[in-house]
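Undergrad: What follows is the file my_file-v9.txt, containing compact mmCIF, C-alpha atoms and all ligand atoms:
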# COMPACT_ATOMS: atom_id res chain seq x y z
CA MET A 163 239.70 284.79 121.14
CA LEU A 164 239.32 284.02 117.44
CA LEU A 165 239.62 280.33 116.66
CA GLY A 166 239.51 280.49 112.85
CA LYS A 167 236.87 279.03 110.59
CA CYS A 168 234.61 275.98 111.01
CA ILE A 169 236.05 273.23 108.79
CA LYS A 170 232.54 272.29 107.69
CA CYS A 171 230.81 275.59 106.84
CA GLY A 172 233.49 278.29 107.02
CA ARG A 173 231.63 280.30 109.69
CA GLU A 174 233.50 281.52 112.77
CA ALA A 175 234.60 278.45 114.77
CA GLU A 176 233.52 278.23 118.43
CA ILE A 177 235.19 274.96 119.40
CA ARG A 178 238.78 274.06 118.69
CA LEU A 179 240.41 270.81 119.81
CA ARG A 180 244.04 269.84 119.41
CA SER A 181 243.55 266.09 119.49
CA PRO A 182 241.91 265.26 117.18
CA LEU A 183 242.69 268.56 115.46
CA VAL A 184 239.25 270.02 114.69
CA LYS A 185 237.59 273.43 114.51
CA PHE A 186 233.84 273.70 114.33
CA CYS A 187 230.99 276.10 114.80
CA ARG A 188 228.60 274.99 117.57
CA GLU A 189 226.15 273.27 115.25
CA HIS A 190 228.78 271.31 113.36
CA TYR A 191 230.59 270.33 116.55
CA ILE A 192 227.38 268.76 117.89
CA GLU A 193 226.93 266.95 114.58
CA TYR A 194 230.58 265.76 114.69
CA VAL A 195 230.24 264.16 118.15
CA GLU A 196 226.90 262.55 117.34
CA ARG A 197 228.31 261.10 114.11
CA LYS A 198 231.30 259.77 116.04
CA VAL A 199 229.03 257.98 118.54
CA ARG A 200 226.96 256.55 115.70
CA ARG A 201 230.11 255.15 114.07
CA VAL A 202 231.09 253.48 117.39
CA LEU A 203 227.61 251.94 117.73
CA GLU A 204 228.00 250.51 114.22
CA LYS A 205 231.65 249.47 114.46
CA TYR A 206 231.17 247.40 117.62
CA HIS A 207 227.66 246.19 116.65
CA MET A 208 226.33 247.70 119.85
CA VAL A 209 222.69 248.06 118.83
CA LYS A 210 220.27 246.30 116.53
CA LYS A 211 216.91 247.41 115.21
CA ASN A 212 214.24 247.00 117.93
CA ASP A 213 216.75 246.81 120.79
CA LEU A 214 215.62 248.39 124.05
CA VAL A 215 218.66 250.19 125.46
CA LEU A 216 218.67 251.06 129.14
CA ILE A 217 220.64 254.32 129.46
CA CYS A 218 222.23 254.67 132.90
CA VAL A 219 222.23 258.35 133.80
CA SER A 220 224.01 259.65 136.89
CA GLY A 221 223.33 263.34 136.14
CA GLY A 222 227.01 263.97 135.21
CA LYS A 223 228.11 265.36 131.84
CA ASP A 224 228.93 262.03 130.16
CA SER A 225 225.79 260.08 130.92
CA THR A 226 223.56 263.14 130.38
CA SER A 227 225.18 263.68 126.97
CA LEU A 228 224.83 259.96 126.26
CA LEU A 229 221.09 260.19 126.97
CA HIS A 230 220.66 263.08 124.53
CA ILE A 231 222.79 261.46 121.82
CA MET A 232 221.11 258.04 122.12
CA HIS A 233 217.69 259.71 122.12
CA LYS A 234 218.56 261.35 118.81
CA LEU A 235 220.17 258.27 117.23
CA SER A 236 217.36 255.95 118.37
CA ARG A 237 214.99 257.54 115.87
CA ASP A 238 217.34 257.06 112.89
CA MET A 239 218.64 253.65 113.91
CA LYS A 240 215.26 252.34 115.08
CA PHE A 241 215.98 251.22 118.60
CA SER A 242 214.21 252.32 121.79
CA ILE A 243 215.63 253.78 124.96
CA MET A 244 214.67 253.93 128.61
CA GLY A 245 216.54 255.64 131.46
CA LEU A 246 217.82 254.28 134.75
CA THR A 247 218.97 256.42 137.67
CA ILE A 248 220.10 255.03 141.00
CA MET A 249 219.82 257.13 144.15
CA LEU A 250 223.12 256.00 145.66
CA SER A 251 222.84 258.06 148.85
CA HIS A 252 220.46 260.48 150.50
CA GLU A 253 223.20 263.14 150.79
CA GLU A 254 222.54 266.46 149.01
CA PHE A 255 225.00 265.85 146.12
CA PHE A 256 223.25 262.62 145.13
CA LYS A 257 219.73 264.08 145.43
CA LYS A 258 220.76 266.93 143.14
CA ALA A 259 222.29 264.51 140.66
CA VAL A 260 219.12 262.40 140.59
CA ASN A 261 216.93 265.49 140.08
CA THR A 262 219.15 266.63 137.22
CA ALA A 263 218.83 263.24 135.53
CA ILE A 264 215.03 263.37 135.93
CA GLU A 265 214.90 266.89 134.44
CA ASN A 266 216.67 265.55 131.37
CA TYR A 267 214.34 262.54 131.01
CA ARG A 268 211.33 264.86 131.26
CA GLU A 269 212.75 267.35 128.77
CA LEU A 270 213.19 264.56 126.21
CA GLY A 271 210.04 262.63 127.13
CA VAL A 272 212.04 259.48 127.90
CA ASP A 273 210.56 256.85 130.26
CA TYR A 274 212.81 256.08 133.21
CA VAL A 275 213.22 253.90 136.27
CA LEU A 276 214.43 255.45 139.52
CA VAL A 277 215.84 253.01 142.07
CA ASP A 278 216.53 253.79 145.70
CA PRO A 279 218.64 250.83 146.89
CA LEU A 280 218.01 251.80 150.51
CA LYS A 281 214.28 251.22 150.05
CA GLU A 282 214.58 248.15 147.88
CA TYR A 283 217.59 246.37 149.35
CA ASP A 284 218.39 248.17 152.59
CA ILE A 285 221.80 249.16 151.26
CA ASN A 286 223.31 252.37 149.85
CA LEU A 287 226.45 254.49 150.25
CA ASP A 288 225.31 255.88 153.62
CA ARG A 289 224.85 252.34 154.95
CA LEU A 290 228.26 251.28 153.57
CA ILE A 291 229.93 254.21 155.36
CA GLU A 292 228.17 253.37 158.64
CA ALA A 293 229.21 249.72 158.26
CA ARG A 294 232.91 250.73 157.83
CA ILE A 295 233.47 247.92 155.36
CA ARG A 296 237.08 247.24 154.46
CA ARG A 297 236.61 247.38 150.69
CA PRO A 298 237.12 250.87 149.10
CA LEU A 299 233.79 252.70 148.96
CA CYS A 300 233.90 253.25 145.17
CA SER A 301 234.37 249.57 144.49
CA ALA A 302 231.47 248.58 146.79
CA CYS A 303 229.38 251.29 145.12
CA GLY A 304 230.30 249.73 141.75
CA ILE A 305 228.88 246.39 142.93
CA ILE A 306 225.56 248.07 143.84
CA LYS A 307 225.39 249.95 140.52
CA ARG A 308 226.21 246.93 138.35
CA TYR A 309 223.73 244.71 140.19
CA ILE A 310 220.88 247.21 139.84
CA MET A 311 221.70 247.94 136.19
CA ASN A 312 221.49 244.25 135.36
CA SER A 313 218.39 243.49 137.41
CA VAL A 314 216.46 246.50 136.10
CA ALA A 315 217.47 245.58 132.54
CA ILE A 316 216.10 242.06 133.08
CA GLU A 317 212.92 243.44 134.68
CA VAL A 318 212.12 245.91 131.88
CA LYS A 319 213.33 243.44 129.22
CA ALA A 320 216.07 245.77 128.01
CA THR A 321 218.42 244.10 125.54
CA LYS A 322 221.40 246.42 126.22
CA VAL A 323 222.67 248.49 129.13
CA ALA A 324 224.53 251.69 128.13
CA THR A 325 226.87 253.65 130.39
CA GLY A 326 228.64 256.98 129.84
CA HIS A 327 232.24 255.75 130.17
CA ASN A 328 234.43 257.78 127.79
CA LEU A 329 237.82 257.17 126.16
CA ASP A 330 239.71 258.63 129.15
CA ASP A 331 237.87 256.30 131.56
CA LEU A 332 238.71 253.30 129.39
CA MET A 333 242.38 254.23 129.05
CA LYS A 334 242.58 254.60 132.83
CA PHE A 335 241.02 251.15 133.36
CA LEU A 336 243.37 249.62 130.78
CA PHE A 337 246.40 251.05 132.55
CA VAL A 338 245.33 250.00 136.05
CA ASN A 339 244.37 246.47 134.97
CA PHE A 340 247.57 246.14 132.97
CA VAL A 341 249.89 247.11 135.83
CA SER A 342 248.02 244.94 138.32
CA GLY A 343 248.10 242.01 135.88
CA ASP A 344 244.34 241.57 136.14
CA ILE A 345 243.85 239.89 132.77
CA GLU A 346 240.15 239.19 133.27
CA GLN A 347 239.38 242.85 134.01
CA LEU A 348 241.69 243.89 131.19
CA ILE A 349 239.65 241.82 128.74
CA ARG A 350 236.44 243.24 130.18
CA THR A 351 237.68 246.78 129.50
CA ALA A 352 236.05 247.09 126.10
CA PRO A 353 233.27 249.12 124.46
CA ILE A 354 230.95 246.09 124.48
CA SER A 355 230.79 243.40 127.13
CA ILE A 356 231.21 239.73 126.43
CA THR A 357 229.15 238.52 129.35
CA GLU A 358 225.79 237.81 127.73
CA ARG A 359 226.39 234.06 127.81
CA ARG A 360 226.70 234.28 131.58
CA GLY A 361 223.20 235.69 132.00
CA PHE A 362 224.20 239.34 132.17
CA VAL A 363 222.56 241.81 129.82
CA THR A 364 225.15 243.09 127.31
CA LYS A 365 226.74 246.36 128.41
CA ILE A 366 227.76 249.00 125.90
CA LYS A 367 229.90 252.14 126.16
CA PRO A 368 228.93 254.28 123.16
CA LEU A 369 231.26 257.15 124.22
CA ALA A 370 234.29 254.83 124.12
CA GLU A 371 236.03 256.84 121.39
CA CYS A 372 235.14 260.31 122.71
CA SER A 373 237.63 261.96 125.05
CA GLU A 374 236.71 263.71 128.28
CA ARG A 375 237.49 267.05 126.59
CA GLU A 376 235.21 266.26 123.65
CA MET A 377 232.36 265.38 126.02
CA ILE A 378 232.77 268.56 128.10
CA GLU A 379 232.59 270.61 124.90
CA TYR A 380 229.56 268.63 123.71
CA ALA A 381 227.60 269.16 126.92
CA LYS A 382 228.46 272.87 126.85
CA ALA A 383 227.64 273.27 123.14
CA LYS A 384 224.23 271.62 123.68
CA GLY A 385 223.59 273.72 126.81
CA LEU A 386 222.72 270.57 128.77
CA LYS A 387 221.75 270.57 132.42
CA PHE A 388 224.23 268.38 134.24
CA ILE A 389 225.90 268.20 137.62
CA ARG A 390 229.43 269.61 137.46
CA ALA A 391 230.90 268.38 140.73
CA ALA A 392 232.43 264.93 140.94
CA CYS A 393 231.21 262.35 143.45
CA PRO A 394 232.42 263.51 146.91
CA TYR A 395 233.74 260.01 147.65
CA LYS A 396 235.86 259.78 144.52
CA LYS A 397 239.55 259.32 145.34
CA LEU A 398 242.23 260.03 142.78
CA GLY A 399 244.54 257.11 142.17
CA MET A 400 247.40 255.88 140.02
CA GLY A 401 245.07 255.65 137.01
CA ASP A 402 244.46 259.40 137.18
CA ASP A 403 248.21 260.13 137.21
CA ALA A 404 248.69 257.80 134.25
CA LEU A 405 245.89 259.57 132.39
CA GLU A 406 247.46 262.96 133.07
CA PHE A 407 250.73 261.69 131.59
CA LEU A 408 248.93 260.16 128.59
CA ASN A 409 247.08 263.43 127.99
CA SER A 410 250.35 265.36 128.01
CA LEU A 411 251.75 262.92 125.43
CA ASP A 412 248.56 263.29 123.41
CA GLU A 413 249.10 267.07 123.37
CA ARG A 414 252.56 266.56 121.89
CA TYR A 415 251.53 263.78 119.52
CA PRO A 416 247.89 264.50 118.63
CA GLY A 417 245.84 261.34 118.07
CA LEU A 418 248.08 259.13 120.23
CA LYS A 419 245.44 258.32 122.85
CA ILE A 420 242.71 257.25 120.45
CA ASN A 421 245.23 255.34 118.31
CA MET A 422 246.44 253.41 121.36
CA PHE A 423 242.87 252.49 122.19
CA ARG A 424 242.05 251.42 118.62
CA ILE A 425 245.20 249.32 118.41
CA TYR A 426 244.34 247.71 121.73
CA MET A 427 240.85 246.85 120.48
CA SER A 428 241.87 245.64 117.03
CA LYS A 429 245.07 243.72 117.87
CA ILE A 430 245.66 243.10 121.57
CA HIS A 431 242.13 242.54 122.87
CA PRO A 432 241.22 239.78 120.35
CA ALA A 433 244.51 237.98 121.08
CA LEU A 434 243.97 238.10 124.86
CA ARG A 435 240.36 237.03 124.46
CA SER A 436 241.14 233.99 122.38
CA PHE A 437 244.07 232.98 124.60
CA TYR A 438 242.28 233.28 127.95
CA ARG A 439 238.69 232.43 126.87
CA ILE A 440 237.15 234.02 129.94
CA GLU A 441 233.68 233.92 128.37
CA GLU A 442 233.64 230.17 128.72
CA VAL A 443 233.40 230.29 132.51
CA SER A 444 230.13 228.58 133.31
CA LEU A 445 227.24 230.48 134.79
CA ARG A 446 226.05 229.87 138.31
CA ARG A 447 223.14 231.43 140.13
CA CYS A 448 223.41 233.19 143.47
CA LYS A 449 221.90 231.01 146.20
CA ILE A 450 220.20 234.05 147.73
CA CYS A 451 218.90 236.20 144.89
CA ASN A 452 219.16 233.79 141.94
CA MET A 453 220.95 236.35 139.79
CA PRO A 454 223.97 235.30 137.71
CA SER A 455 227.06 234.94 139.87
CA LEU A 456 230.62 233.62 139.78
CA GLY A 457 230.45 232.13 143.27
CA GLU A 458 227.72 230.55 145.39
CA ILE A 459 226.67 233.96 146.67
CA CYS A 460 226.92 237.04 144.45
CA SER A 461 229.01 240.03 145.52
CA PHE A 462 225.91 242.18 145.99
CA CYS A 463 224.32 239.73 148.44
CA LYS A 464 227.68 239.43 150.25
CA LEU A 465 227.74 243.19 150.65
CA ARG A 466 224.17 243.22 151.98
CA ILE A 467 225.12 240.55 154.53
CA LEU A 468 228.11 242.65 155.69
CA VAL A 469 225.91 245.72 156.14
CA ARG A 470 223.18 243.75 157.93
CA GLU A 471 225.71 242.14 160.28
CA SER A 472 227.27 245.51 161.09
CA ARG A 473 223.84 246.78 162.21
CA ALA A 474 222.92 243.75 164.28
P1 LIG A 501 231.15 256.17 137.39
O1 LIG A 501 231.28 254.75 137.80
O2 LIG A 501 230.58 257.08 138.43
O3 LIG A 501 232.36 256.71 136.71
O4 LIG A 501 230.02 256.17 136.26
C1 LIG A 501 230.17 255.45 135.08
C2 LIG A 501 228.83 255.35 134.40
O5 LIG A 501 227.92 254.61 135.22
C3 LIG A 501 228.13 256.69 134.18
O6 LIG A 501 228.55 257.30 132.98
C4 LIG A 501 226.68 256.28 134.13
O7 LIG A 501 226.35 255.78 132.86
C5 LIG A 501 226.63 255.13 135.12
N1 LIG A 501 226.20 255.61 136.46
C6 LIG A 501 226.98 256.08 137.46
N2 LIG A 501 226.25 256.44 138.54
C7 LIG A 501 224.95 256.20 138.21
C8 LIG A 501 223.72 256.36 138.89
N3 LIG A 501 223.65 256.86 140.13
N4 LIG A 501 222.58 256.00 138.25
C9 LIG A 501 222.63 255.49 137.00
N5 LIG A 501 223.77 255.30 136.31
C10 LIG A 501 224.92 255.66 136.89
FE1 LIG A 502 229.94 255.52 143.89
FE2 LIG A 502 231.03 257.84 144.12
S1 LIG A 502 229.48 257.25 142.74
S2 LIG A 502 231.34 256.15 145.40
ZN ZN A 503 230.03 274.98 110.87
ZN ZN A 504 222.77 237.52 145.09
Could you quickly redo this structure as structure tokens?
Ligand code: AMP
Ligand code: FES
Ligand code: ZN
Ligand code: ZN

TA:
Amino acid sequence: MLLGKCIKCGREAEIRLRSPLVKFCREHYIEYVERKVRRVLEKYHMVKKNDLVLICVSGGKDSTSLLHIMHKLSRDMKFSIMGLTIMLSHEEFFKKAVNTAIENYRELGVDYVLVDPLKEYDINLDRLIEARIRRPLCSACGIIKRYIMNSVAIEVKATKVATGHNLDDLMKFLFVNFVSGDIEQLIRTAPISITERRGFVTKIKPLAECSEREMIEYAKAKGLKFIRAACPYKKLGMGDDALEFLNSLDERYPGLKINMFRIYMSKIHPALRSFYRIEEVSLRRCKICNMPSLGEICSFCKLRILVRESRA
């Protein structure tokens, strides 16, 4: 199918998107996405010269693309990167994902840390399933991931932690937190975290303005090795239905999704943040592991206790 001409060089276009409306040859599409990520890094002051950014790579298309983009930008913008991959389970899907991430680190010559929470903390997804905990598996898994990301960042002295969340992920979180009235989580749904004062390493989401579609096309255009299947434990929820609806609106009114996000970040988010002042909550330390925590015992240690008790 002929897509017309690349808007940059006039050669035959290979990638055509409706929202935003763009047509590019492969080379100029790659350049377009990388420039977009660079603008996001600058707009939200995500990185400074000499930062060490820990890139969290699951082996999926977003975080693998993030690794390649940050590797490229790190040279121009003068920051360093290191990878982190967490072996969440010993099931085949997760082993493949970890190996894919490692292949990418090796191809780029990026140093990385591989953590197996089963070995280090006697907890992982397999243990959580055995323990039949009441909390949804994905949310318990999120606790493990966030804890390891922060502790590895502290250990390797990383100044930022970067994840591959894209615009679609953020819009989904915004919707779910909005309808459940979870103001604290709503405020936390932003391209850069506001938790550094609480002892957490600042988290950044450099793909915040790139849609799922744009990232699929980027990974394909670059010919990246990534794992295509989604996590076998992922359950679709209301957020996914909302996103489907939003994407159909975005088809009819191109640019709507990104505009909604930008308006949220420029007008609504600052107002919520100054009204609720969640960053002023004082930092405590977990009695067990001494990591930053909201309560006496952090959620990760609570989860470990549940798993240990279920095996006793
Ligand atoms: P998810 O929570 O699976 O949607 O993943 C969101 C982001 O978290 C990904 O884009 C990665 O940056 C990071 N992430 C997820 N799983 C892992 C993992 N096993 N190891 C390292 N980072 C991960
Ligand atoms: Fe955590 Fe799927 S990656 S449950
Ligand atoms: Zn071109
Ligand atoms: Zn703890």

Undergrad: Would you mind listing what lies within 9 Å of Tyr438 in chain A as a list in words, with all atoms listed in the file counted and same-chain residues fewer than 3 positions away left out?

TA: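 With the cut-off at 9 Å, the set is Ile345, Glu346, Ile349, Ala433, Leu434, Arg435 and Glu441 of chain A.
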
Undergrad: Can you work out which residues are within 7 Å of ligand LIG 501 (chain A), considering all atoms listed in the file, and then hand them over as a CSV table (one decimal) with C-alpha atoms, in the frame of the given file?

TA:
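As a result, out24.csv now contains:
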chain,number,residue,atom,x,y,z
A,217,ILE,CA,220.6,254.3,129.5
A,218,CYS,CA,222.2,254.7,132.9
A,219,VAL,CA,222.2,258.4,133.8
A,220,SER,CA,224.0,259.6,136.9
A,224,ASP,CA,228.9,262.0,130.2
A,225,SER,CA,225.8,260.1,130.9
A,246,LEU,CA,217.8,254.3,134.8
A,247,THR,CA,219.0,256.4,137.7
A,248,ILE,CA,220.1,255.0,141.0
A,249,MET,CA,219.8,257.1,144.2
A,250,LEU,CA,223.1,256.0,145.7
A,304,GLY,CA,230.3,249.7,141.8
A,307,LYS,CA,225.4,250.0,140.5
A,324,ALA,CA,224.5,251.7,128.1
A,325,THR,CA,226.9,253.6,130.4
A,326,GLY,CA,228.6,257.0,129.8
A,327,HIS,CA,232.2,255.8,130.2

Undergrad: As a compact mmCIF listing (two decimals) with C-alpha atoms, in the frame of the given file, please: the residues near Ile177 in chain A (cut-off 9 Å, only C-alpha atoms, same-chain neighbours under 2 positions excluded).

TA:
# COMPACT_ATOMS: atom_id res chain seq x y z
CA LEU A 165 239.62 280.33 116.66
CA CYS A 168 234.61 275.98 111.01
CA ALA A 175 234.60 278.45 114.77
CA LEU A 179 240.41 270.81 119.81
CA VAL A 184 239.25 270.02 114.69
CA LYS A 185 237.59 273.43 114.51
CA PHE A 186 233.84 273.70 114.33
CA CYS A 187 230.99 276.10 114.80
CA ARG A 188 228.60 274.99 117.57
CA TYR A 191 230.59 270.33 116.55
CA GLU A 379 232.59 270.61 124.90
CA ALA A 383 227.64 273.27 123.14

Undergrad: With only C-alpha atoms and all ligand atoms as the atoms that count, which of A:Asn312, A:Ser428, A:Asn286, A:Asn339 lies nearest to ligand LIG 502 (chain A)?

TA: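 Between A:Asn312, A:Ser428, A:Asn286, A:Asn339, the residue approaching ligand LIG 502 (chain A) most closely is A:Asn286.
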
Undergrad: Check every protein, DNA and RNA residue against ligand ZN 504 (chain A), keep those with an atom at most 9 Å away (counting all atoms listed in the file), and present them as a list in words.

TA: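 So, counting all atoms listed in the file, the residues near ligand ZN 504 (chain A) are Tyr309, Arg447, Cys448, Lys449, Ile450, Cys451, Asn452, Met453, Pro454, Ser455, Glu458, Ile459, Cys460, Ser461, Phe462, Cys463 and Lys464 of chain A.
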